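Asker: Below: one structure in structure tokens.
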Amino acid sequence: LYGSYALIVFAVAFIPLWLAVGVTRDRKRAARLMHVATRGMLIAAGIPVRVEGGEQLAGAAESGPWIFAPNHSSYLDILVTVAFLPPDVRFVVKGEVLAMPFFGMMARRSGQLAFDRSDPQARIQQTAEVNAALGRGESVAIYPEGTFTSSVGIRPFQLGAFKAAVDSRRSICPVAVRGARRILRDHTYLPRPGRVTVTFGPPIAPDPAAGDDWREIVRLRDATREIIARNSGEPLL
């Protein structure tokens, strides 16, 4: 009963959001609409979200843009991060999203960054686009796991987010989403009752003295994984 109710809430709330985003030509306005609407969806669906470490977000505005690195355990993560990351953050999404009905238009109108995973040059292009966004003062969110499964645990991280941090000399902010997998596990369709905790870890700055040494990229990756694993309550895989 709860799962059916939650799906109805999401569907009913999605329609006016899609229409509102569809008529705007302003990227920032579209992103703000999505930010507000996803918070409303979570409240209406009875999914309480607690935020820890949110006071650190002021640092992204004061010290320049950050790269947010959330873990990825469920489709629910997307709603949660859109709702609780700053509304002007640009997400790096899979290229397949642009071809999806409804979602593709919303991703384009809100200015999300997409790349084709089947194209060997796509990751190079992704890094260039992320660096360009950071250079314009725009924070970026990248899911370093790339995908999710039903199994509990933090999957190995891809290096793109951390290379961008070293290239641009911008800090990585680990974002741990806890509880989303239990509510909507992979290969299930009906949400279960539950609560979510979003923990913003301390930002990790690249060492300027290290230059673009690959060992600095690996250090940022490993430090971010450890913080996310600790705050999400899931083991490293």
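All residue names refer to the structure tokens as shown: chains lettered A, B, ... in order, residues numbered from 1 in each chain, ligands numbered from 1 in order.
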Name all residues at most 7 Å from range 171-188 of chain A (count only C-alpha atoms; drop same-chain ones fewer than 6 positions away) and give them as a PyMOL selection string.

Answerer: chain A and resi 66-71+73-74+76-77+149-150+165+194-206+224+227-228+231-232

Asker: Set the distance at 12 Å and use only C-alpha atoms: which residues neighbour Phe91 in chain A once local chain neighbours fewer than 2 positions away are removed? I'd like the list as a ChimeraX atom specification.

Answerer: /A:31,67-70,78,81-82,85-89,93-95,97,107-108,110-115,126,129-130,133,138-144,161

Asker: Store the residues picked out above in a file with N, CA and C atoms, as a short mmCIF file (atom, residue, chain, number, x, y, z; two decimals), in the first residue's frame.

Answerer:
```cif
data_model
loop_
_atom_site.label_atom_id
_atom_site.label_comp_id
_atom_site.auth_asym_id
_atom_site.auth_seq_id
_atom_site.Cartn_x
_atom_site.Cartn_y
_atom_site.Cartn_z
N ALA A 31 16.56 24.52 -13.07
CA ALA A 31 17.23 23.79 -11.99
C ALA A 31 16.60 24.10 -10.64
N ILE A 67 33.47 20.17 -6.44
CA ILE A 67 32.99 18.96 -7.11
C ILE A 67 32.34 18.09 -6.04
N PHE A 68 31.04 17.88 -6.14
CA PHE A 68 30.33 17.02 -5.19
C PHE A 68 30.38 15.58 -5.70
N ALA A 69 30.73 14.66 -4.81
CA ALA A 69 30.86 13.24 -5.19
C ALA A 69 29.94 12.40 -4.31
N PRO A 70 28.70 12.16 -4.74
CA PRO A 70 27.78 11.33 -3.95
C PRO A 70 27.94 9.84 -4.28
N ILE A 78 18.99 10.04 -6.85
CA ILE A 78 18.92 11.16 -7.77
C ILE A 78 17.98 12.23 -7.23
N THR A 81 19.68 13.93 -4.11
CA THR A 81 20.79 14.86 -4.37
C THR A 81 20.31 16.10 -5.12
N VAL A 82 19.35 15.95 -6.03
CA VAL A 82 18.79 17.14 -6.68
C VAL A 82 18.11 18.03 -5.65
N LEU A 85 21.40 19.08 -2.73
CA LEU A 85 22.58 19.84 -3.15
C LEU A 85 22.13 21.24 -3.55
N PRO A 86 23.03 22.21 -3.56
CA PRO A 86 22.63 23.56 -3.98
C PRO A 86 21.97 23.52 -5.35
N PRO A 87 20.94 24.34 -5.58
CA PRO A 87 20.17 24.25 -6.83
C PRO A 87 20.94 24.57 -8.09
N ASP A 88 22.07 25.29 -7.97
CA ASP A 88 22.82 25.66 -9.17
C ASP A 88 23.90 24.63 -9.54
N VAL A 89 23.96 23.51 -8.82
CA VAL A 89 24.95 22.48 -9.14
C VAL A 89 24.56 21.78 -10.44
N VAL A 93 25.55 13.32 -16.13
CA VAL A 93 24.62 12.19 -16.28
C VAL A 93 25.02 11.36 -17.49
N LYS A 94 24.53 10.14 -17.53
CA LYS A 94 24.78 9.26 -18.67
C LYS A 94 24.08 9.81 -19.91
N GLY A 95 24.71 9.62 -21.06
CA GLY A 95 24.14 10.12 -22.30
C GLY A 95 22.77 9.53 -22.59
N VAL A 97 20.37 9.26 -20.73
CA VAL A 97 19.31 10.04 -20.09
C VAL A 97 18.67 11.01 -21.08
N ALA A 107 16.67 17.24 -18.38
CA ALA A 107 18.13 17.30 -18.23
C ALA A 107 18.71 18.38 -19.13
N ARG A 108 18.19 18.49 -20.36
CA ARG A 108 18.71 19.52 -21.27
C ARG A 108 18.34 20.93 -20.80
N SER A 110 17.69 22.01 -17.85
CA SER A 110 18.35 22.41 -16.61
C SER A 110 19.87 22.42 -16.73
N GLY A 111 20.39 22.12 -17.94
CA GLY A 111 21.81 22.28 -18.21
C GLY A 111 22.71 21.21 -17.64
N GLN A 112 22.19 19.99 -17.50
CA GLN A 112 23.05 18.92 -16.99
C GLN A 112 24.07 18.51 -18.05
N LEU A 113 25.18 17.97 -17.60
CA LEU A 113 26.27 17.58 -18.50
C LEU A 113 26.17 16.09 -18.78
N ALA A 114 26.05 15.71 -20.05
CA ALA A 114 25.88 14.30 -20.41
C ALA A 114 27.05 13.82 -21.25
N PHE A 115 27.35 12.53 -21.12
CA PHE A 115 28.40 11.94 -21.95
C PHE A 115 27.99 10.53 -22.35
N GLN A 126 34.08 14.75 -21.27
CA GLN A 126 33.44 15.00 -19.98
C GLN A 126 34.35 15.84 -19.09
N GLU A 129 34.41 19.44 -20.25
CA GLU A 129 33.17 20.17 -19.94
C GLU A 129 33.08 20.48 -18.44
N VAL A 130 33.50 19.53 -17.63
CA VAL A 130 33.49 19.77 -16.18
C VAL A 130 34.46 20.89 -15.82
N ALA A 133 32.96 24.21 -16.77
CA ALA A 133 31.92 24.63 -15.82
C ALA A 133 32.55 25.16 -14.54
N GLU A 138 30.84 27.33 -11.59
CA GLU A 138 29.69 26.44 -11.38
C GLU A 138 30.15 25.15 -10.71
N SER A 139 29.55 24.80 -9.58
CA SER A 139 29.85 23.53 -8.94
C SER A 139 29.25 22.39 -9.76
N VAL A 140 29.86 21.22 -9.65
CA VAL A 140 29.47 20.05 -10.45
C VAL A 140 29.30 18.85 -9.53
N ALA A 141 28.33 18.00 -9.83
CA ALA A 141 28.13 16.75 -9.09
C ALA A 141 28.40 15.57 -10.01
N ILE A 142 29.25 14.66 -9.56
CA ILE A 142 29.60 13.48 -10.34
C ILE A 142 29.45 12.26 -9.43
N TYR A 143 28.70 11.25 -9.91
CA TYR A 143 28.60 9.98 -9.17
C TYR A 143 29.81 9.12 -9.56
N PRO A 144 30.82 9.02 -8.70
CA PRO A 144 32.05 8.32 -9.13
C PRO A 144 31.88 6.81 -9.27
N ALA A 161 36.13 12.36 -11.70
CA ALA A 161 35.86 13.47 -10.78
C ALA A 161 37.15 13.96 -10.13
#
```

Asker: Please tabulate, as a tab-separated table, the residues of range 166-236 of chain A that come within 9 Å of range 3-26 of chain A, each with its closest pair of atoms and the distance in Å to one decimal, counting only C-alpha atoms and ordering rows by chain, then residue number upward.

Answerer:
```
residue	atom	partner	partner_atom	distance
A:Tyr189	CA	A:Gly3	CA	8.2
A:Leu190	CA	A:Gly3	CA	4.5
A:Pro191	CA	A:Gly3	CA	4.7
A:Arg192	CA	A:Gly3	CA	5.8
A:Pro193	CA	A:Gly3	CA	7.8
```

Asker: For the residues selected in the previous step, produce a file with C-alpha atoms as a PDB file, in the first residue's frame.

Answerer:
```
ATOM      1  CA  TYR A 189       9.522  -1.068  -8.329  1.00  0.00           C
ATOM      2  CA  LEU A 190       7.633  -0.222  -5.163  1.00  0.00           C
ATOM      3  CA  PRO A 191       9.368   1.936  -2.527  1.00  0.00           C
ATOM      4  CA  ARG A 192       9.399   0.765   1.077  1.00  0.00           C
ATOM      5  CA  PRO A 193       8.932   3.043   4.087  1.00  0.00           C
TER       6      PRO A 193
END
```

Asker: Neighbouring residues of Asn131 in chain A were defined as those with any atom within 7 Å, considering only C-alpha atoms; residues of the same chain fewer than 3 positions away were excluded. Please report them as a list of chain:residue names.

Answerer: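 Residues near the query, excluding close chain neighbours: A:Thr127, A:Ala128, A:Leu134, A:Gly135, A:Ala164, A:Ser168.
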
Asker: Could you please determine the separation between CA of Lys28 in chain A and CA of Arg109 in chain A in Å, to one decimal place?

Answerer: 8.9 Å

Asker: What's the 8 Å shell around Pro235 in chain A, counting only C-alpha atoms, without same-chain residues fewer than 5 positions away, as a count of residues only?

Answerer: 5

Asker: Rounded to one decimal in Å, what is the spacing between CA of Thr38 in chain A and CA of Gly53 in chain A?

Answerer: 20.3 Å

Asker: I'd like the interatomic distance between CA of His72 in chain A and CA of Thr147 in chain A, to a tenth of an Å.

Answerer: 6.5 Å

Asker: Hey, which of A:Pro101, A:Pro156, A:Gly46, A:Pro208 ends up closest to Asp222 in chain A? Count only C-alpha atoms.

Answerer: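 Selected residue with least distance to Asp222 in chain A: A:Pro156.
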
Asker: Taking the DSSP secondary structure from the backbone, can you list the residues of range 11-226 of chain A that are strand (DSSP E or B), as JSON, numbers by chain?

Answerer: {"A": [49, 50, 51, 52, 67, 68, 69, 70, 90, 91, 92, 93, 94, 113, 114, 115, 140, 141, 154, 172, 173, 174, 175, 176, 177, 178, 196, 197, 198, 199, 200, 204]}
